[in-house]
Each structure stands twice: as C-alpha cells, then as structure tokens.
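Input: a single structure, listed below in structure tokens.
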Amino acid sequence: EPSPSASLAGFQFTLDATPAYLRKPIVADRMLELMPNAAHSKLKFVVILRDPAKRLFAYWDQYVLKGAGVNDFDKWLDLTLKSVRECQRKHGDHLWPPPDNNACDEDTIEGVAAGLYAYQLTYWLRKFEAKQFLLTSTTAYTEETQLVVKAVSAFLTGSGTLGSAARHPDNIDSINVEGAMSKEARAELGRFYRTHNAELLHLLNNQGKITYTPSLKQLGIQQWIG
C-alpha cells in the first residue's frame with residue numbers, strides 16, 4: 001500500500017464503473033484515506049444521473065420483483081413509503097446517508113435514498129473539487145449520444161478526438177423496465193422526489209466548475225420536478 005506522500009511515478013490509473021459509489025459516503029472517505037495525496041487531484045468522476053422515480057422502479061424490478069418480494073410495484077411502493085415515513089418520524093426527515101441506528105429498515109431506506117442526488121453530490125463535492133466532475137444523464141445519453149461520448153472522452157483524456165464514431169445505444173431498452181409504472185405510482189414518486197429534485201437543480205445551477213454534457217438544461221432534471 002503506497003504511502004500518502006508517494007509521488008505519482010510508477011502508479012497506473014484505470015477506469016472503474018458502478019451504480020453504487022455515489023450513494024456510498026464511505027467510498028469517498030476511503031479513496032482519500034488509501035490513495036496517495038498526489039493522486040487525489042488527478043481523479044475524475046463521470047456521474048450519470050437518472051430520474052429517481054425511474055431509478056426506483058428499476059431497483060424494484062432488479063432486486064424485489066426478481067427476488068422473493070412484492071410482485072406488484074404499486075403495493076410495494078405503498079409499503080415502502082410507509083416505511084420511509086415511519087423512519088422519518090423516528091429518525092428525522094434526512095434520509096441520506098441511510099440511518100444505521102436500528103430505527104429504520106436500512107435496506108428499504110437505502111433503495112429510496114439512492115435517488116437523493118443533491119445530498120450525495122454535496123458530500124462528494126466537500127471531498128473533491130467541482131472541476132473533477134462531469135455530469136450527464138441517461139436522457140442526455142440516449143438523445144445526444146455522440147455529444148456525450150465525445151465530451152466524456154475530452155474530459156477524461158484532454159482530447160475530444162475519438163478513433164471512431166460512438167455507437168448509438170440501440171440496446172438502450174436494456175436499462176428500461178418491462179411494462180410501465182402506473183400513473184398513480186408515478187405521481188406519488190413525483191411528489192416524494194419533487195423537493196429533492198429542486199434542491200439538486202439549485203445545487204447544480206450554482207456549481208459552474210462542474211462539466212455538464214451536453215448542458216445542464218439537457219440533463220432533463222427540470223422534467224423530473226414536473
């Protein structure tokens with residue numbers, strides 16, 4: 001394990017992708033603890049945001065529907081939000097990071113709180129500089145694939161030149177859940193996440209050093225608020 005004062009000579013940097021890091025505060029903490037100080041400013045983060053209501057629907061499809069849980073999203077959502085409200089009654093309104101004091105069902109709360117991006121980004125921006133982050137969204141990627149891929153390439157490498165054109169995501173349906181959320185569930189989640197999405201938009205509007213691709217407006221966050 002390298003010492004914190006080690007130079008960058010001899011170190012290799014690579015790419016790592018996961019849907020979990022942003023919502024895990026311990027990841028940011030451990031990166032600063034375990035990586036040499038000289039490496040901290042060299043790190044770059046590409047964050048792909050997704051409408052938190054759709055993200056929760058996909059979470060249910062992946063981890064609940066295919067397990068032994070409730071196979072009806074509306075019923076599951078009703079039980080989940082009741083659990084969230086009970087947690088808030090005992091623990092307070094702030095759901096991220098998910099409380100670990102036995103006052104709440106941590107797994108349930110974490111599934112919902114994963115969509116509270118403003119809190120997560122605020123935490124990471126306290127640990128690293130805003131210029132180290134590029135933000136895009138699944139909406140922006142599907143609508144402006146070439147622009148997004150070129151922007152990510154330029155951000156990571158310092159060069160906007162790609163060896164070949166980026167493929168349009170013709171398999172984008174792989175990230176979509178079969179079937180559709182009911183209008184009632186969509187409206188319920190819209191109400192739940194509305195304030196949080198507004199906080200996210202306010203945060204990003206005041207973070208000029210973050211790279212947004214294609215643009216902050218084209219991330220589609222305004223549509224999440226409704």
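Identifiers in the structure tokens: chain A, B, ... in order shown; residue index from 1 per chain; ligand index from 1 in order shown.
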
Taking only residues of stretch 5-122 of chain A that have an atom at most 6 Å from an atom of stretch 133-141 of chain A, what is each one's shortest atom pair and its distance in Å to one decimal, using only C-alpha atoms, in chain and number order, as a tab-separated table?
```
residue	atom	partner	partner_atom	distance
A:Phe45	CA	A:Phe133	CA	4.8
A:Val46	CA	A:Leu134	CA	4.8
A:Val47	CA	A:Leu135	CA	4.8
A:Ile48	CA	A:Ser137	CA	4.7
A:Leu49	CA	A:Ser137	CA	4.4
A:Arg50	CA	A:Thr138	CA	5.7
```

Margin query: Please extract the residues of stretch 11-145 of chain A with a backbone DSSP assignment of alpha helix (DSSP H) and present them as a PyMOL selection string.
Written below: chain A and resi 25-34+37-40+52-59+73-91+106-113+117-127+138-143+145

Margin query: I need the residues in chain A that are strand (DSSP E or B) according to DSSP; give them as a VMD selection string.
Written below: chain A and resid 45 to 49 133 to 137 211 to 212

Can I get the selected residues back with N, CA and C atoms, as an mmCIF file, in the first residue's frame?
```
data_model
loop_
_atom_site.group_PDB
_atom_site.id
_atom_site.type_symbol
_atom_site.label_atom_id
_atom_site.label_comp_id
_atom_site.auth_asym_id
_atom_site.auth_seq_id
_atom_site.Cartn_x
_atom_site.Cartn_y
_atom_site.Cartn_z
ATOM 1 N N PHE A 45 -14.389 12.105 -12.137
ATOM 2 C CA PHE A 45 -15.624 11.376 -11.864
ATOM 3 C C PHE A 45 -16.671 11.700 -12.937
ATOM 4 N N VAL A 46 -17.179 10.666 -13.585
ATOM 5 C CA VAL A 46 -18.273 10.808 -14.548
ATOM 6 C C VAL A 46 -19.530 10.282 -13.867
ATOM 7 N N VAL A 47 -20.503 11.135 -13.673
ATOM 8 C CA VAL A 47 -21.731 10.790 -12.961
ATOM 9 C C VAL A 47 -22.896 10.802 -13.945
ATOM 10 N N ILE A 48 -23.578 9.672 -14.058
ATOM 11 C CA ILE A 48 -24.743 9.566 -14.942
ATOM 12 C C ILE A 48 -25.991 9.496 -14.070
ATOM 13 N N LEU A 49 -26.790 10.536 -14.125
ATOM 14 C CA LEU A 49 -27.993 10.608 -13.300
ATOM 15 C C LEU A 49 -29.197 10.053 -14.058
ATOM 16 N N PHE A 133 -15.533 16.717 -11.747
ATOM 17 C CA PHE A 133 -16.784 16.006 -12.029
ATOM 18 C C PHE A 133 -17.352 16.390 -13.389
ATOM 19 N N LEU A 134 -17.805 15.366 -14.113
ATOM 20 C CA LEU A 134 -18.638 15.558 -15.296
ATOM 21 C C LEU A 134 -19.986 14.901 -15.008
ATOM 22 N N LEU A 135 -21.057 15.646 -15.265
ATOM 23 C CA LEU A 135 -22.404 15.110 -15.046
ATOM 24 C C LEU A 135 -23.143 15.005 -16.366
ATOM 25 N N THR A 136 -23.785 13.873 -16.564
ATOM 26 C CA THR A 136 -24.713 13.705 -17.668
ATOM 27 C C THR A 136 -25.899 12.907 -17.133
ATOM 28 N N SER A 137 -26.760 12.447 -18.016
ATOM 29 C CA SER A 137 -27.937 11.688 -17.581
ATOM 30 C C SER A 137 -28.258 10.638 -18.623
ATOM 31 N N THR A 211 -18.507 20.010 -15.130
ATOM 32 C CA THR A 211 -18.758 19.892 -16.564
ATOM 33 C C THR A 211 -20.097 19.205 -16.754
ATOM 34 N N TYR A 212 -21.000 19.837 -17.508
ATOM 35 C CA TYR A 212 -22.308 19.246 -17.806
ATOM 36 C C TYR A 212 -22.350 18.922 -19.295
#
```

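Residue nearest A:Leu81 within the list A:Ala198, A:Val64, A:Val112, A:Val152: A:Val112 [criterion: smallest interatomic distance, only C-alpha atoms].
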
Checklist line | Proximity to A:Asp100 - best of A:Leu15, A:Cys87, A:Leu189, A:Ile225, only C-alpha atoms | finding: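 Of A:Leu15, A:Cys87, A:Leu189, A:Ile225, the one nearest A:Asp100 is A:Cys87, counting only C-alpha atoms.
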
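For the choices A:Phe155, A:Tyr193, A:Tyr59, A:Trp124, the atom-to-atom distance to A:Ile221 is smallest for A:Tyr193 when using only C-alpha atoms.
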
Next item on the list: List the neighbours of A:Gln207 out to 9 Å using only C-alpha atoms; skip same-chain residues closer than 4 positions along the sequence, and give me the result as a list in words.
Entry: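 Residues meeting the cut-off are Ala130, His202 and Leu203 of chain A.
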
Those same residues, written as a short mmCIF file (atom, residue, chain, number, x, y, z; two decimals), in the first residue's frame with N, CA and C atoms?
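That gives us again.cif:
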```
data_model
loop_
_atom_site.label_atom_id
_atom_site.label_comp_id
_atom_site.auth_asym_id
_atom_site.auth_seq_id
_atom_site.Cartn_x
_atom_site.Cartn_y
_atom_site.Cartn_z
N ALA A 130 -14.97 20.59 -7.64
CA ALA A 130 -16.06 20.51 -8.62
C ALA A 130 -15.54 20.26 -10.02
N HIS A 202 -30.99 23.36 -7.99
CA HIS A 202 -30.43 24.56 -7.37
C HIS A 202 -28.92 24.38 -7.12
N LEU A 203 -28.54 23.21 -6.62
CA LEU A 203 -27.13 22.92 -6.37
C LEU A 203 -26.32 23.03 -7.66
#
```

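Atom pair atom CA of A:Asn71 / atom CA of A:Glu188 has a distance of 18.3 Å (rounded to one decimal).
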
Note to self: I want to know what sits within 9 Å of A:Val84, based on only C-alpha atoms, with residues of the same chain fewer than 3 positions away left out; could you give that as a ChimeraX atom specification?
What the structure shows: /A:79-81,87-89,95,104-105,108-109,112

Quick one: write out the picked residues with N, CA, C and O atoms as a compact mmCIF listing (two decimals), in the first residue's frame?
```txt
# COMPACT_ATOMS: atom_id res chain seq x y z
N LEU A 79 -46.06 0.17 0.64
CA LEU A 79 -45.39 -0.34 1.84
C LEU A 79 -44.07 0.37 2.09
O LEU A 79 -43.71 0.69 3.23
N THR A 80 -43.34 0.63 1.01
CA THR A 80 -42.03 1.27 1.12
C THR A 80 -42.15 2.69 1.65
O THR A 80 -41.41 3.10 2.55
N LEU A 81 -43.07 3.47 1.10
CA LEU A 81 -43.21 4.86 1.54
C LEU A 81 -43.76 4.94 2.97
O LEU A 81 -43.43 5.88 3.71
N CYS A 87 -39.70 5.86 9.35
CA CYS A 87 -38.29 6.15 9.62
C CYS A 87 -38.10 7.64 9.90
O CYS A 87 -37.38 8.01 10.84
N GLN A 88 -38.74 8.48 9.10
CA GLN A 88 -38.61 9.92 9.30
C GLN A 88 -39.21 10.35 10.63
O GLN A 88 -38.71 11.26 11.29
N ARG A 89 -40.27 9.67 11.05
CA ARG A 89 -40.89 10.01 12.34
C ARG A 89 -39.92 9.71 13.48
O ARG A 89 -39.83 10.46 14.46
N LEU A 95 -32.80 11.46 4.97
CA LEU A 95 -32.73 10.02 4.70
C LEU A 95 -31.39 9.57 4.12
O LEU A 95 -31.19 8.38 3.91
N CYS A 104 -34.72 2.33 11.57
CA CYS A 104 -35.30 2.21 10.23
C CYS A 104 -34.83 0.91 9.58
O CYS A 104 -33.81 0.35 9.98
N ASP A 105 -35.59 0.47 8.59
CA ASP A 105 -35.18 -0.66 7.76
C ASP A 105 -34.15 -0.13 6.76
O ASP A 105 -34.50 0.51 5.77
N THR A 108 -34.50 -0.87 2.92
CA THR A 108 -35.62 -0.17 2.29
C THR A 108 -35.29 1.30 2.10
O THR A 108 -35.52 1.87 1.02
N ILE A 109 -34.76 1.92 3.13
CA ILE A 109 -34.45 3.35 3.06
C ILE A 109 -33.35 3.61 2.04
O ILE A 109 -33.41 4.58 1.28
N VAL A 112 -34.64 3.87 -1.56
CA VAL A 112 -35.30 5.14 -1.86
C VAL A 112 -34.31 6.29 -1.85
O VAL A 112 -34.31 7.16 -2.73
```
